[in-house]
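With mmCIF, C-alpha atoms inside, this is input_8.cif:
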```cif
data_target
#
loop_
_atom_site.label_atom_id
_atom_site.label_comp_id
_atom_site.auth_asym_id
_atom_site.auth_seq_id
_atom_site.Cartn_x
_atom_site.Cartn_y
_atom_site.Cartn_z
CA MET A 9 27.63 7.76 -11.24
CA PRO A 10 24.65 5.43 -11.83
CA TYR A 11 21.51 6.93 -13.33
CA GLN A 12 19.19 8.58 -10.77
CA TRP A 13 15.62 9.53 -11.58
CA TRP A 14 15.37 11.98 -8.69
CA SER A 15 17.18 15.31 -8.22
CA HIS A 16 17.70 15.91 -4.52
CA ASP A 17 19.13 14.06 -1.54
CA PRO A 18 17.87 14.02 1.08
CA ILE A 19 14.27 14.36 0.00
CA GLY A 20 12.59 17.64 0.93
CA VAL A 21 9.65 17.96 3.33
CA GLU A 22 7.03 20.67 2.99
CA GLU A 23 4.30 21.09 5.58
CA THR A 24 1.17 22.36 3.90
CA THR A 25 -2.58 22.59 4.36
CA CYS A 26 -5.29 21.32 2.05
CA LYS A 27 -8.70 22.70 1.20
CA SER A 28 -10.17 19.29 0.39
CA LEU A 29 -9.15 15.68 0.94
CA LEU A 30 -12.05 13.34 0.20
CA HIS A 31 -12.59 12.70 -3.51
CA PRO A 32 -14.36 10.15 -5.71
CA PHE A 33 -12.15 7.57 -7.37
CA THR A 34 -12.04 8.06 -11.13
CA ALA A 35 -12.48 4.61 -12.68
CA HIS A 36 -10.74 4.05 -16.00
CA HIS A 37 -12.39 0.68 -16.67
CA SER A 38 -15.68 -0.87 -15.65
CA GLU A 39 -14.07 -3.36 -13.24
CA CYS A 40 -13.00 -0.57 -10.87
CA PRO A 41 -15.40 -0.34 -7.90
CA ASN A 42 -17.02 2.85 -6.71
CA ARG A 43 -15.13 4.31 -3.77
CA LEU A 44 -13.78 7.49 -2.23
CA VAL A 45 -10.10 8.27 -1.79
CA ILE A 46 -7.89 10.37 0.46
CA ASN A 47 -4.19 11.23 0.08
CA PRO A 48 -2.68 12.50 3.36
CA TYR A 49 0.64 13.07 1.58
CA THR A 50 1.73 14.18 -1.88
CA GLY A 51 4.97 12.82 -3.25
CA CYS A 52 6.66 9.59 -2.20
CA GLN A 53 9.90 8.71 -0.47
CA HIS A 54 10.06 5.25 -2.08
CA ARG A 55 11.13 6.60 -5.50
CA CYS A 56 10.16 3.48 -7.44
CA LEU A 57 11.55 3.63 -10.97
CA TYR A 58 8.26 2.56 -12.59
CA CYS A 59 6.02 4.83 -10.48
CA TYR A 60 2.71 5.87 -12.08
CA GLY A 61 2.13 8.72 -9.61
CA THR A 62 4.77 11.08 -10.93
CA TYR A 63 2.50 13.20 -13.07
CA PHE A 64 -0.62 13.36 -10.94
CA PHE A 65 0.09 16.36 -8.74
CA PHE A 66 3.35 18.15 -9.26
CA PRO A 67 6.71 17.59 -11.00
CA ASN A 68 8.71 17.17 -7.76
CA PHE A 69 7.05 13.90 -6.82
CA PHE A 70 10.39 12.20 -6.07
CA ASP A 71 12.04 15.24 -4.44
CA ILE A 72 9.50 16.87 -2.12
CA ILE A 73 6.94 15.32 0.20
CA GLN A 74 3.99 17.54 1.00
CA VAL A 75 2.58 16.73 4.43
CA LYS A 76 -1.06 17.81 4.69
CA THR A 77 -1.00 18.73 8.35
CA ASN A 78 -4.72 19.61 8.52
CA ALA A 79 -5.87 16.48 6.67
CA PRO A 80 -7.70 14.91 9.66
CA GLN A 81 -9.66 18.09 10.34
CA ILE A 82 -10.62 18.54 6.68
CA LEU A 83 -11.64 14.88 6.47
CA GLN A 84 -13.90 15.28 9.49
CA LYS A 85 -15.70 18.22 7.88
CA GLU A 86 -16.04 16.54 4.48
CA ILE A 87 -17.46 13.33 5.97
CA GLN A 88 -20.13 15.31 7.76
CA LYS A 89 -20.94 17.16 4.56
CA TYR A 90 -21.08 13.93 2.52
CA LYS A 91 -23.42 12.29 5.01
CA LYS A 92 -25.97 15.06 4.59
CA LYS A 93 -26.28 14.40 0.84
CA HIS A 94 -26.09 10.60 0.53
CA GLU A 95 -27.76 7.47 1.85
CA TYR A 96 -24.60 5.35 1.82
CA PHE A 97 -20.95 6.06 2.53
CA PRO A 98 -18.69 3.85 0.36
CA GLN A 99 -15.36 2.39 1.42
CA VAL A 100 -12.41 4.78 1.48
CA TYR A 101 -9.14 3.96 -0.27
CA ILE A 102 -6.28 5.55 1.67
CA SER A 103 -3.57 6.96 -0.59
CA PRO A 104 -3.90 5.56 -4.12
CA ALA A 105 -1.45 8.21 -5.39
CA THR A 106 1.35 7.69 -2.85
CA ASP A 107 2.13 5.52 0.18
CA SER A 108 0.20 6.44 3.30
CA TYR A 109 2.75 4.59 5.43
CA GLN A 110 5.92 5.97 3.86
CA PRO A 111 8.68 6.80 6.38
CA LEU A 112 7.41 10.29 7.23
CA GLU A 113 4.24 8.75 8.70
CA ARG A 114 6.34 7.63 11.69
CA ARG A 115 6.97 11.32 12.43
CA TYR A 116 3.67 12.97 11.51
CA HIS A 117 1.02 10.24 12.07
CA ILE A 118 -1.33 11.92 9.57
CA THR A 119 -2.59 8.57 8.27
CA ARG A 120 -3.22 7.34 11.80
CA GLN A 121 -5.28 10.43 12.60
CA CYS A 122 -7.30 10.04 9.38
CA VAL A 123 -7.96 6.39 10.25
CA GLN A 124 -9.23 7.48 13.65
CA VAL A 125 -11.61 9.93 11.97
CA LEU A 126 -12.91 7.21 9.62
CA GLN A 127 -13.40 4.81 12.51
CA SER A 128 -15.28 7.41 14.53
CA HIS A 129 -17.86 7.46 11.71
CA ASN A 130 -17.92 3.65 11.21
CA ILE A 131 -16.59 4.05 7.65
CA SER A 132 -14.82 1.11 5.98
CA TYR A 133 -11.34 1.73 4.63
CA TYR A 134 -8.28 0.03 3.20
CA PHE A 135 -4.69 0.97 2.47
CA MET A 136 -2.03 -0.23 0.03
CA SER A 137 1.64 0.02 0.95
CA LYS A 138 5.26 -1.08 0.44
CA SER A 139 6.04 -0.44 4.09
CA ASP A 140 5.83 -2.03 7.51
CA ALA A 141 5.14 1.23 9.36
CA MET A 142 1.48 0.26 9.73
CA LEU A 143 2.54 -2.20 12.43
CA GLU A 144 2.72 0.81 14.75
CA ASP A 145 -1.05 1.14 14.18
CA LEU A 146 -1.82 -2.58 14.37
CA ASP A 147 -3.92 -2.22 17.52
CA LEU A 148 -5.93 0.56 15.86
CA HIS A 149 -6.73 -1.55 12.81
CA ALA A 150 -7.21 -4.80 14.74
CA HIS A 151 -10.16 -3.60 16.80
CA TYR A 152 -11.79 -2.48 13.51
CA ARG A 153 -11.01 -5.71 11.60
CA ASP A 154 -14.52 -6.11 10.17
CA ARG A 155 -14.33 -2.79 8.34
CA CYS A 156 -10.71 -2.49 7.22
CA MET A 157 -8.18 -4.26 5.01
CA GLY A 158 -4.44 -4.12 4.38
CA ILE A 159 -2.83 -4.60 0.96
CA TRP A 160 0.91 -4.84 0.28
CA THR A 161 2.62 -4.40 -3.07
CA ILE A 162 5.16 -7.16 -3.63
CA THR A 163 6.48 -7.32 -7.16
CA SER A 164 9.42 -9.67 -6.53
CA LEU A 165 11.08 -11.71 -3.80
CA ASP A 166 14.52 -10.77 -5.14
CA GLU A 167 16.02 -8.31 -2.67
CA GLN A 168 18.70 -7.11 -5.10
CA ARG A 169 16.04 -6.34 -7.68
CA ARG A 170 14.02 -4.51 -4.99
CA LYS A 171 16.99 -2.27 -4.16
CA ILE A 172 17.34 -1.27 -7.82
CA TRP A 173 13.70 -0.71 -8.79
CA GLU A 174 12.24 0.34 -5.40
CA PRO A 175 15.36 1.83 -3.79
CA PHE A 176 13.91 3.42 -0.65
CA THR A 177 11.27 0.86 0.28
CA VAL A 178 11.58 -1.57 3.18
CA SER A 179 12.73 -5.11 2.48
CA ILE A 180 10.42 -7.73 1.05
CA LYS A 181 10.74 -9.72 4.29
CA LYS A 182 9.45 -6.78 6.33
CA ARG A 183 6.43 -6.44 4.03
CA LEU A 184 5.68 -10.16 4.27
CA ASP A 185 6.04 -10.03 8.05
CA ALA A 186 3.62 -7.08 8.24
CA LEU A 187 1.09 -8.91 6.06
CA GLU A 188 1.37 -11.95 8.31
CA ARG A 189 0.93 -9.94 11.50
CA PHE A 190 -2.25 -8.35 10.16
CA SER A 191 -3.56 -11.77 9.07
CA GLU A 192 -2.90 -13.18 12.51
CA GLU A 193 -5.06 -10.38 13.98
CA GLY A 194 -7.95 -11.41 11.75
CA ILE A 195 -7.63 -8.38 9.47
CA PRO A 196 -8.27 -9.26 5.79
CA THR A 197 -5.04 -9.00 3.79
CA ALA A 198 -4.17 -9.01 0.12
CA PHE A 199 -1.19 -8.30 -2.10
CA ARG A 200 -0.50 -6.76 -5.47
CA ILE A 201 1.96 -8.00 -8.07
CA ASP A 202 1.81 -4.64 -9.77
CA PRO A 203 3.40 -3.77 -12.04
CA ILE A 204 4.81 -6.92 -13.59
CA LEU A 205 7.94 -5.90 -15.48
CA PRO A 206 8.19 -7.77 -18.80
CA PHE A 207 11.33 -9.88 -19.27
CA ILE A 208 12.49 -8.99 -15.74
CA ASP A 209 10.13 -10.56 -13.21
CA ASP A 210 7.47 -12.24 -15.33
CA SER A 211 8.54 -15.89 -15.25
CA SER A 212 6.12 -18.47 -13.86
CA GLU A 213 8.67 -19.41 -11.17
CA GLN A 214 9.08 -15.82 -9.97
CA LEU A 215 5.36 -15.13 -9.90
CA GLU A 216 4.44 -18.37 -8.15
CA ALA A 217 7.07 -17.74 -5.48
CA ILE A 218 5.38 -14.44 -4.55
CA ILE A 219 1.93 -16.00 -4.51
CA ALA A 220 3.04 -18.95 -2.37
CA ALA A 221 4.81 -16.69 0.15
CA CYS A 222 1.79 -14.42 0.60
CA ALA A 223 -0.76 -17.25 0.69
CA GLU A 224 1.32 -18.97 3.37
CA ARG A 225 1.06 -15.81 5.46
CA GLY A 226 -2.71 -15.55 5.29
CA ALA A 227 -3.50 -13.37 2.26
CA ILE A 228 -6.91 -14.04 0.72
CA HIS A 229 -6.61 -12.18 -2.60
CA PHE A 230 -4.14 -10.74 -5.06
CA THR A 231 -4.37 -8.18 -7.82
CA THR A 232 -2.06 -7.86 -10.76
CA SER A 233 -1.27 -5.55 -13.65
CA VAL A 234 1.40 -5.51 -16.32
CA LEU A 235 3.54 -2.38 -16.62
CA LYS A 236 2.03 0.39 -18.74
CA LEU A 237 4.23 3.09 -20.21
CA ARG A 238 3.51 6.80 -20.13
CA LYS A 239 5.95 9.26 -21.70
CA GLU A 240 7.88 10.16 -18.55
CA ILE A 241 7.91 6.55 -17.30
CA TRP A 242 9.46 5.39 -20.58
CA THR A 243 12.02 8.20 -20.39
CA ARG A 244 13.15 6.91 -16.99
CA LEU A 245 13.25 3.29 -18.15
CA GLU A 246 15.05 4.11 -21.39
CA ASN A 247 17.72 6.09 -19.53
CA PHE A 248 18.00 3.30 -16.94
CA PHE A 249 18.47 0.56 -19.56
CA GLN A 250 21.01 2.63 -21.49
CA ASP A 251 22.96 3.48 -18.35
CA ARG A 252 23.23 -0.20 -17.43
CA GLY A 253 24.09 -1.32 -20.95
CA GLU A 254 20.85 -3.32 -21.21
CA SER A 255 20.54 -3.09 -24.99
CA THR A 256 18.62 -6.37 -25.24
CA LEU A 257 16.00 -5.28 -22.69
CA LEU A 258 15.71 -1.91 -24.41
CA GLN A 259 14.98 -3.62 -27.73
CA GLN A 260 12.52 -6.05 -26.12
CA TYR A 261 10.54 -3.17 -24.61
CA GLN A 262 10.52 -1.27 -27.89
CA ASN A 263 9.12 -4.35 -29.60
CA LEU A 264 6.52 -5.10 -26.93
CA TYR A 265 5.16 -1.55 -26.55
CA PHE A 266 4.33 1.45 -28.74
CA ASN A 267 1.83 -0.17 -31.08
CA PRO A 268 -0.82 2.52 -31.75
CA SER A 269 -3.58 -0.09 -31.37
CA ASP A 270 -2.38 -0.81 -27.82
CA ARG A 271 -2.52 2.80 -26.71
CA ARG A 272 -5.14 3.94 -24.19
CA GLY A 273 -5.12 7.63 -23.48
CA SER A 274 -1.56 8.58 -22.54
CA TYR A 275 -0.52 4.96 -21.83
CA TYR A 276 1.02 2.34 -24.08
CA TYR A 277 0.03 -1.20 -23.12
CA PRO A 278 2.09 -4.31 -23.93
CA LYS A 279 0.82 -6.42 -26.79
CA THR A 280 -2.52 -8.08 -26.00
CA ASN A 281 -1.33 -11.66 -26.39
CA TYR A 282 1.48 -11.06 -23.88
CA ARG A 283 -0.97 -9.71 -21.32
CA GLN A 284 -3.44 -12.53 -21.89
CA ASN A 285 -0.75 -15.16 -21.37
CA ILE A 286 0.40 -13.56 -18.11
CA LEU A 287 -3.15 -13.17 -16.78
CA THR A 288 -4.06 -16.75 -17.69
CA LEU A 289 -1.00 -18.00 -15.81
CA LEU A 290 -1.86 -15.93 -12.73
CA GLN A 291 -5.51 -16.90 -12.76
CA ASN A 292 -4.47 -20.56 -12.71
CA LEU A 293 -2.03 -19.92 -9.87
CA ALA A 294 -4.79 -18.17 -7.91
CA LYS A 295 -6.91 -21.31 -8.22
CA LYS A 296 -3.98 -23.48 -7.15
CA TYR A 297 -3.47 -21.46 -3.96
CA GLU A 298 -7.20 -20.92 -3.37
CA LEU A 299 -7.02 -17.14 -3.61
CA SER A 300 -9.43 -14.75 -5.25
CA PHE A 301 -7.90 -12.85 -8.13
CA GLY A 302 -8.33 -9.52 -9.85
CA THR A 303 -6.73 -7.44 -12.57
CA CYS A 304 -6.14 -3.71 -12.48
CA LEU A 305 -6.73 -1.47 -15.50
CA GLU A 306 -6.28 -4.32 -17.95
CA GLY A 307 -9.73 -4.03 -19.50
CA MET A 308 -10.13 -7.81 -19.15
CA PRO A 309 -12.57 -8.26 -16.25
CA HIS A 310 -13.37 -11.83 -17.36
CA PHE A 311 -10.13 -12.89 -15.64
CA ASN A 312 -11.36 -11.60 -12.27
CA THR A 313 -12.68 -14.10 -9.73
CA GLY A 314 -13.43 -11.37 -7.19
CA PRO A 315 -13.43 -7.57 -6.95
CA CYS A 316 -10.41 -6.21 -8.78
CA ASP A 317 -8.78 -5.03 -5.56
CA GLY A 318 -10.21 -7.83 -3.42
CA VAL A 319 -11.99 -5.41 -1.10
CA CYS A 320 -15.41 -6.57 0.10
CA LEU A 321 -16.00 -4.17 2.97
CA PRO A 322 -19.48 -2.97 3.90
CA ALA A 323 -20.70 0.48 2.93
CA LEU A 324 -22.11 2.57 5.74
CA LYS A 325 -25.86 3.11 5.60
CA ILE A 326 -26.51 6.65 6.71
CA LYS A 327 -29.47 7.14 8.99
CA LYS A 328 -31.57 10.09 7.96
CA PRO A 329 -33.39 12.05 10.67
CA GLN A 330 -37.11 11.37 10.63
CA GLN A 331 -39.28 14.24 9.49
CA LYS A 332 -41.57 15.67 12.08
CA PHE A 333 -45.12 16.32 10.92
CA LYS A 334 -47.21 19.01 12.47
#
```

Please go through the file and, once you have read it, give me the structure as structure tokens.
Amino acid sequence: MPYQWWSHDPIGVEETTCKSLLHPFTAHHSECPNRLVINPYTGCQHRCLYCYGTYFFFPNFFDIIQVKTNAPQILQKEIQKYKKKHEYFPQVYISPATDSYQPLERRYHITRQCVQVLQSHNISYYFMSKSDAMLEDLDLHAHYRDRCMGIWTITSLDEQRRKIWEPFTVSIKKRLDALERFSEEGIPTAFRIDPILPFIDDSSEQLEAIIAACAERGAIHFTTSVLKLRKEIWTRLENFFQDRGESTLLQQYQNLYFNPSDRRGSYYYPKTNYRQNILTLLQNLAKKYELSFGTCLEGMPHFNTGPCDGVCLPALKIKKPQQKFK
């Protein structure tokens, strides 16, 4: 039986309630913008082999999805509380730690309800996804096009590769079609080539094909990042390479990573010259296709030609009640 990095089929679903939902985004590098985040779900049905989210909340990230059934109500209360203490309300990033439009959203509509709460307060927001389920909410986003943005992760146009590395995501074509539909409605769209997998999908031909396909469909920006390895991510990749008899790839990764000087916190970065070469290539391709370009957690903001995530949505200025003088 081929190597599996999850334990249970089908994936479990746990309805739960949360005490808080709205949190500040913790920036690891100076190029990360200030923003607030919400995660209507914990865990992810996509089960991407390289996933960074597997350690954030609980060890069953690939096996149980927690549905925060009271998320819209908690968000409503926390927005009202935030407004009382601040002059501006920054943009909200929907689900940085999972996919807000993973398949369960079609059943629970938690993300849709949270979007409706944000819109009722005139708060800007954006989402990032590997899905096309947001098309069910296209009308909701379209009438709010000046204060929202859609971002799709597309790491390859190779469908066979997608089935191996992102086994429970929708097809690349469906993601591209969703991006195009949003663009046609005048909603700003972007894409992420993130992570780039060294020696697998890092050729100039592969990367340019993604950029050309998304630019043709109306995207205005893309963000990129090269794969970083944390202990449990490397364990999955090592087991995966060994199971498939990929001894050459295994050796290439061992040579590219694990230099103590390239370690940041719990992550090992690829060698600096490799990253610089990839980012230089992508920056040039961004110019060719007239897209703005940003890097994510690379610590090299000089490559950026726009905000790292491409989001330029307005913050909400909060009107304070005038004081009455006796």

Test item: the PyMOL selection byres ((chain A and resi 9) around 12) resolved as a short mmCIF file (atom, residue, chain, number, x, y, z; two decimals) with C-alpha atoms, in the frame of the given file:
```
data_model
loop_
_atom_site.label_atom_id
_atom_site.label_comp_id
_atom_site.auth_asym_id
_atom_site.auth_seq_id
_atom_site.Cartn_x
_atom_site.Cartn_y
_atom_site.Cartn_z
CA PRO A 10 24.65 5.43 -11.83
CA TYR A 11 21.51 6.93 -13.33
CA GLN A 12 19.19 8.58 -10.77
CA ASP A 251 22.96 3.48 -18.35
CA ARG A 252 23.23 -0.20 -17.43
#
```

With 12 Å as the cut-off and only C-alpha atoms counted, what is the closest atom pair between each nearby residue of stretch 167-283 of chain A and stretch 127-134 of chain A? Distances in Å to one decimal, ordered by chain and number, as CSV.
```
residue,atom,partner,partner_atom,distance
A:Ile195,CA,A:Tyr134,CA,10.5
A:Pro196,CA,A:Tyr134,CA,9.6
A:Thr197,CA,A:Tyr134,CA,9.6
A:Ala198,CA,A:Tyr134,CA,10.4
```

With C-alpha atoms retained, could you export that selection as a PDB file, in the frame of the given file?
```pdb
ATOM      1  CA  ILE A 195      -7.630  -8.380   9.470  1.00  0.00           C
ATOM      2  CA  PRO A 196      -8.270  -9.260   5.790  1.00  0.00           C
ATOM      3  CA  THR A 197      -5.040  -9.000   3.790  1.00  0.00           C
ATOM      4  CA  ALA A 198      -4.170  -9.010   0.120  1.00  0.00           C
TER       5      ALA A 198
END
```

Contacts of A:Glu216 within 7 Å, only C-alpha atoms, excl. fewer than 4 positions in-chain, as a PyMOL selection string: chain A and resi 212+220+293

Once the PyMOL selection byres ((chain A and resi 235) around 9) has been evaluated on this model, what residues remain selected, and can you format them as a PyMOL selection string? chain A and resi 58+202-206+233-234+236-237+277-278

Written as number ranges by chain, which residues does the PyMOL selection byres ((chain A and resi 217-219) around 12) give for the file shown? A: 160-166, 180-181, 183-184, 198-202, 204, 209-216, 220-232, 289-301

Name all residues at most 12 Å from stretch 107-116 of chain A (count all atoms listed in the file; drop same-chain ones fewer than 6 positions away) and give them as a PDB file with C-alpha atoms, in the frame of the given file.
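The result, stored in around.pdb:
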```pdb
ATOM      1  CA  ILE A  19      14.270  14.360   0.000  1.00  0.00           C
ATOM      2  CA  GLY A  20      12.590  17.640   0.930  1.00  0.00           C
ATOM      3  CA  VAL A  21       9.650  17.960   3.330  1.00  0.00           C
ATOM      4  CA  GLU A  22       7.030  20.670   2.990  1.00  0.00           C
ATOM      5  CA  GLU A  23       4.300  21.090   5.580  1.00  0.00           C
ATOM      6  CA  VAL A  45     -10.100   8.270  -1.790  1.00  0.00           C
ATOM      7  CA  ILE A  46      -7.890  10.370   0.460  1.00  0.00           C
ATOM      8  CA  ASN A  47      -4.190  11.230   0.080  1.00  0.00           C
ATOM      9  CA  PRO A  48      -2.680  12.500   3.360  1.00  0.00           C
ATOM     10  CA  TYR A  49       0.640  13.070   1.580  1.00  0.00           C
ATOM     11  CA  THR A  50       1.730  14.180  -1.880  1.00  0.00           C
ATOM     12  CA  GLY A  51       4.970  12.820  -3.250  1.00  0.00           C
ATOM     13  CA  CYS A  52       6.660   9.590  -2.200  1.00  0.00           C
ATOM     14  CA  GLN A  53       9.900   8.710  -0.470  1.00  0.00           C
ATOM     15  CA  HIS A  54      10.060   5.250  -2.080  1.00  0.00           C
ATOM     16  CA  ARG A  55      11.130   6.600  -5.500  1.00  0.00           C
ATOM     17  CA  CYS A  56      10.160   3.480  -7.440  1.00  0.00           C
ATOM     18  CA  CYS A  59       6.020   4.830 -10.480  1.00  0.00           C
ATOM     19  CA  GLY A  61       2.130   8.720  -9.610  1.00  0.00           C
ATOM     20  CA  PHE A  69       7.050  13.900  -6.820  1.00  0.00           C
ATOM     21  CA  ILE A  72       9.500  16.870  -2.120  1.00  0.00           C
ATOM     22  CA  ILE A  73       6.940  15.320   0.200  1.00  0.00           C
ATOM     23  CA  GLN A  74       3.990  17.540   1.000  1.00  0.00           C
ATOM     24  CA  VAL A  75       2.580  16.730   4.430  1.00  0.00           C
ATOM     25  CA  LYS A  76      -1.060  17.810   4.690  1.00  0.00           C
ATOM     26  CA  THR A  77      -1.000  18.730   8.350  1.00  0.00           C
ATOM     27  CA  ASN A  78      -4.720  19.610   8.520  1.00  0.00           C
ATOM     28  CA  ALA A  79      -5.870  16.480   6.670  1.00  0.00           C
ATOM     29  CA  PRO A  80      -7.700  14.910   9.660  1.00  0.00           C
ATOM     30  CA  TYR A 101      -9.140   3.960  -0.270  1.00  0.00           C
ATOM     31  CA  CYS A 122      -7.300  10.040   9.380  1.00  0.00           C
ATOM     32  CA  VAL A 123      -7.960   6.390  10.250  1.00  0.00           C
ATOM     33  CA  TYR A 134      -8.280   0.030   3.200  1.00  0.00           C
ATOM     34  CA  PHE A 135      -4.690   0.970   2.470  1.00  0.00           C
ATOM     35  CA  MET A 136      -2.030  -0.230   0.030  1.00  0.00           C
ATOM     36  CA  SER A 137       1.640   0.020   0.950  1.00  0.00           C
ATOM     37  CA  LYS A 138       5.260  -1.080   0.440  1.00  0.00           C
ATOM     38  CA  SER A 139       6.040  -0.440   4.090  1.00  0.00           C
ATOM     39  CA  ASP A 140       5.830  -2.030   7.510  1.00  0.00           C
ATOM     40  CA  ALA A 141       5.140   1.230   9.360  1.00  0.00           C
ATOM     41  CA  MET A 142       1.480   0.260   9.730  1.00  0.00           C
ATOM     42  CA  LEU A 143       2.540  -2.200  12.430  1.00  0.00           C
ATOM     43  CA  GLU A 144       2.720   0.810  14.750  1.00  0.00           C
ATOM     44  CA  ASP A 145      -1.050   1.140  14.180  1.00  0.00           C
ATOM     45  CA  GLY A 158      -4.440  -4.120   4.380  1.00  0.00           C
ATOM     46  CA  ILE A 159      -2.830  -4.600   0.960  1.00  0.00           C
ATOM     47  CA  TRP A 160       0.910  -4.840   0.280  1.00  0.00           C
ATOM     48  CA  THR A 161       2.620  -4.400  -3.070  1.00  0.00           C
ATOM     49  CA  PHE A 176      13.910   3.420  -0.650  1.00  0.00           C
ATOM     50  CA  THR A 177      11.270   0.860   0.280  1.00  0.00           C
ATOM     51  CA  VAL A 178      11.580  -1.570   3.180  1.00  0.00           C
ATOM     52  CA  ARG A 183       6.430  -6.440   4.030  1.00  0.00           C
TER      53      ARG A 183
END
```

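Between atom CA of A:Arg170 and atom CA of A:Asp71 there is a distance of 19.9 Å.
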
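Atom pair atom CA of A:Tyr275 / atom CA of A:Glu306 has a distance of 11.6 Å (rounded to one decimal).
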
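Going from atom CA of A:Lys279 over to atom CA of A:Trp13, you cover 26.5 Å.
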
Selection as a compact mmCIF listing (two decimals) with C-alpha atoms, in the frame of the given file: residues within 10 Å of (9.1, -0.9, -26.7), counting all atoms listed in the file:
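Written output follows (selection-v1.txt):
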```
# COMPACT_ATOMS: atom_id res chain seq x y z
CA LEU A 237 4.23 3.09 -20.21
CA TRP A 242 9.46 5.39 -20.58
CA GLU A 246 15.05 4.11 -21.39
CA LEU A 257 16.00 -5.28 -22.69
CA LEU A 258 15.71 -1.91 -24.41
CA GLN A 259 14.98 -3.62 -27.73
CA GLN A 260 12.52 -6.05 -26.12
CA TYR A 261 10.54 -3.17 -24.61
CA GLN A 262 10.52 -1.27 -27.89
CA ASN A 263 9.12 -4.35 -29.60
CA LEU A 264 6.52 -5.10 -26.93
CA TYR A 265 5.16 -1.55 -26.55
CA PHE A 266 4.33 1.45 -28.74
CA ASN A 267 1.83 -0.17 -31.08
CA TYR A 276 1.02 2.34 -24.08
CA TYR A 277 0.03 -1.20 -23.12
CA PRO A 278 2.09 -4.31 -23.93
CA LYS A 279 0.82 -6.42 -26.79
```

Taking all atoms of stretch 17-28 of chain A that appear in the file, build a box with edges along x, y and z, extend it by 3 Å on every side, and state its centre and edge lengths in Å to one decimal, as AutoDock Vina command-line options.
```
--center_x 4.5 --center_y 18.4 --center_z 2.0 --size_x 35.3 --size_y 14.7 --size_z 13.1
```
